[in-house]
Amino acid sequence: MSFYQEIHRLCNGLDVSLLINNVGIMPFGNFCQTPCEQETGVIDVNVMPFVMLSRLFLPQFLERKAQKGKMSGIVNVSSAFQKGYLRMCITYCASKAFMAYLSGGMAFQLRGRVDVLDHAPSATASNLIPEAKPWARFLTTAQDCAKQGLNALGQAEFTAGGIFHDFQYRFCCFLNEFYLGLGSSVLTPVF
Ligand SMILES: NC(=O)c1ccc[n+]([C@@H]2O[C@H](COP(=O)([O-])OP(=O)(O)OC[C@H]3O[C@@H](n4cnc5c(N)ncnc54)[C@H](OP(=O)(O)O)[C@@H]3O)[C@@H](O)[C@H]2O)c1
């Protein structure tokens, strides 16, 4: 708690108008066999900063709107995997589903006062999955991914991103429905 309060305190006096909840980790492993610290680590990194920083910055964003008439924004970087269960990282998927749900709730509650966006990207070239590095040139760049999210802020409360990420998000949704219908784990054939 004090860690997040310290971040908020360091921004004291600044006219902060945008909070991007981007931090995330995606460790792989069978949920029944991974060290407990790996699973709690996913919650500590993917969920807690998102909840705490949103909660701490929101009052001043509301104040900003009330006093100066200026909109502020929160971008919550979740994932297309909010819509499925990757067998080897179900806590990651759950953390992103949590983000999506709370982001939607905040957007609903704050409509017209603070812009809240759930940005649910798909495969992007980054350090998230070191094993994916050789495929980086086939993926959306991190810069393009960020631009696509920011372009949607104030226009929508959810975006998958650009056309490729939109397609991948819809594909995840389709696989989710398909495999759940079959009583199987989503995307298992891929990972
Ligand atoms: N890459 C994808 O394909 C993809 C797809 C969907 C969603 N996302 C989401 O996009 C977001 C950004 O991920 P990315 O792809 O850009 O991965 P990344 O290159 O690994 O970046 C992750 C960021 O999180 C920070 N971070 C990780 N663990 C931390 C910790 N314990 N304490 C403080 N900071 C920590 C990293 O800081 P350092 O730079 O200091 O290490 C880095 O800035 C994540 O929420 C991820 O779930 C990514």
# chains A, B, ... in the order shown; residues from 1 in each chain; ligands from 1
>>> residues_around(residues="Glu39 of chain A", least_positions_apart="6", cutoff="12 Å", atoms="only C-alpha atoms", output="PyMOL selection string")
chain A and resi 25-33+45-47+88-95
>>> residues_around(residues="segment 52-63 of chain A", least_positions_apart="4", cutoff="8 Å", atoms="only C-alpha atoms", output="list in words")
Met1, Tyr4, Gln5, His8, Val16, Ser17, Leu19, Met48, Gln67, Lys68, Met71, Ser72, Gly73, Ile74, Arg113 and Val114 of chain A
>>> write_last_selection(atoms="C-alpha atoms", output="CSV table (one decimal), in the first residue's frame")
chain,number,residue,atom,x,y,z
A,1,MET,CA,0.0,0.0,0.0
A,4,TYR,CA,1.7,3.0,-4.3
A,5,GLN,CA,1.1,5.9,-2.0
A,8,HIS,CA,1.3,9.0,-5.9
A,16,VAL,CA,-1.3,14.4,-14.2
A,17,SER,CA,-3.9,13.8,-16.9
A,19,LEU,CA,-2.6,7.0,-16.2
A,48,MET,CA,-2.4,-4.7,-7.6
A,67,GLN,CA,-12.4,22.5,-11.2
A,68,LYS,CA,-10.8,23.0,-14.7
A,71,MET,CA,-10.8,15.4,-19.0
A,72,SER,CA,-8.2,12.9,-17.8
A,73,GLY,CA,-7.8,9.3,-19.0
A,74,ILE,CA,-6.9,5.9,-17.7
A,113,ARG,CA,-15.9,12.7,-16.2
A,114,VAL,CA,-12.8,10.5,-16.8
>>> residues_near_ligand(ligand="ligand 1", cutoff="10 Å", atoms="only C-alpha atoms and all ligand atoms", output="MDAnalysis selection string")
chainID A and resid 20:26 41:42 44:47 49:50 76:82 92:93 95:96 99 119:130 132 136 139:143 145:146 160 165 169
>>> select_by_dssp(residues="segment 73-159 of chain A", states="helix (DSSP H, G or I)", output="PyMOL selection string")
chain A and resi 80-83+87-110+130-138+142-152
>>> write_last_selection(atoms="C-alpha atoms", output="PDB file, in the first residue's frame")
ATOM      1  CA  ALA A  80      -7.008 -10.625 -25.757  1.00  0.00           C
ATOM      2  CA  PHE A  81      -6.437 -13.527 -23.345  1.00  0.00           C
ATOM      3  CA  GLN A  82      -9.003 -11.946 -21.051  1.00  0.00           C
ATOM      4  CA  LYS A  83     -11.246 -14.080 -23.300  1.00  0.00           C
ATOM      5  CA  ARG A  87      -3.556 -23.779 -20.112  1.00  0.00           C
ATOM      6  CA  MET A  88       0.008 -22.813 -19.205  1.00  0.00           C
ATOM      7  CA  CYS A  89      -0.854 -19.410 -17.718  1.00  0.00           C
ATOM      8  CA  ILE A  90      -4.405 -19.371 -16.402  1.00  0.00           C
ATOM      9  CA  THR A  91      -3.581 -16.893 -13.631  1.00  0.00           C
ATOM     10  CA  TYR A  92      -2.373 -14.457 -16.301  1.00  0.00           C
ATOM     11  CA  CYS A  93      -5.672 -14.883 -18.196  1.00  0.00           C
ATOM     12  CA  ALA A  94      -7.615 -14.422 -14.956  1.00  0.00           C
ATOM     13  CA  SER A  95      -5.643 -11.275 -14.106  1.00  0.00           C
ATOM     14  CA  LYS A  96      -6.531  -9.814 -17.509  1.00  0.00           C
ATOM     15  CA  ALA A  97     -10.199 -10.770 -17.131  1.00  0.00           C
ATOM     16  CA  PHE A  98     -10.165  -8.974 -13.782  1.00  0.00           C
ATOM     17  CA  MET A  99      -8.642  -5.886 -15.417  1.00  0.00           C
ATOM     18  CA  ALA A 100     -11.260  -5.937 -18.142  1.00  0.00           C
ATOM     19  CA  TYR A 101     -14.112  -6.256 -15.654  1.00  0.00           C
ATOM     20  CA  LEU A 102     -12.932  -3.497 -13.331  1.00  0.00           C
ATOM     21  CA  SER A 103     -12.017  -1.260 -16.281  1.00  0.00           C
ATOM     22  CA  GLY A 104     -15.558  -1.662 -17.616  1.00  0.00           C
ATOM     23  CA  GLY A 105     -16.970  -0.849 -14.190  1.00  0.00           C
ATOM     24  CA  MET A 106     -14.826   2.270 -13.877  1.00  0.00           C
ATOM     25  CA  ALA A 107     -15.767   3.382 -17.402  1.00  0.00           C
ATOM     26  CA  PHE A 108     -19.446   2.981 -16.559  1.00  0.00           C
ATOM     27  CA  GLN A 109     -19.171   4.822 -13.256  1.00  0.00           C
ATOM     28  CA  LEU A 110     -16.987   7.667 -14.572  1.00  0.00           C
ATOM     29  CA  PRO A 130      11.363 -14.183 -24.550  1.00  0.00           C
ATOM     30  CA  GLU A 131      10.692 -17.380 -26.561  1.00  0.00           C
ATOM     31  CA  ALA A 132       8.682 -15.321 -29.081  1.00  0.00           C
ATOM     32  CA  LYS A 133      11.661 -13.084 -29.959  1.00  0.00           C
ATOM     33  CA  PRO A 134      12.441 -14.872 -33.283  1.00  0.00           C
ATOM     34  CA  TRP A 135       8.892 -14.056 -34.451  1.00  0.00           C
ATOM     35  CA  ALA A 136       9.109 -10.394 -33.531  1.00  0.00           C
ATOM     36  CA  ARG A 137       9.282  -9.135 -37.132  1.00  0.00           C
ATOM     37  CA  PHE A 138       5.902 -10.714 -37.881  1.00  0.00           C
ATOM     38  CA  ALA A 142       5.089  -2.069 -29.315  1.00  0.00           C
ATOM     39  CA  GLN A 143       4.983   1.505 -30.671  1.00  0.00           C
ATOM     40  CA  ASP A 144       2.089   0.751 -33.045  1.00  0.00           C
ATOM     41  CA  CYS A 145       0.283  -1.144 -30.301  1.00  0.00           C
ATOM     42  CA  ALA A 146       0.586   1.828 -27.938  1.00  0.00           C
ATOM     43  CA  LYS A 147      -0.576   4.276 -30.643  1.00  0.00           C
ATOM     44  CA  GLN A 148      -3.610   2.128 -31.438  1.00  0.00           C
ATOM     45  CA  GLY A 149      -4.602   2.085 -27.789  1.00  0.00           C
ATOM     46  CA  LEU A 150      -4.122   5.802 -27.287  1.00  0.00           C
ATOM     47  CA  ASN A 151      -6.084   6.605 -30.467  1.00  0.00           C
ATOM     48  CA  ALA A 152      -9.111   4.890 -28.952  1.00  0.00           C
TER      49      ALA A 152
END
>>> atom_distance(atom1="atom CA of Glu157 of chain A", atom2="atom CA of Asp115 of chain A")
7.6 Å
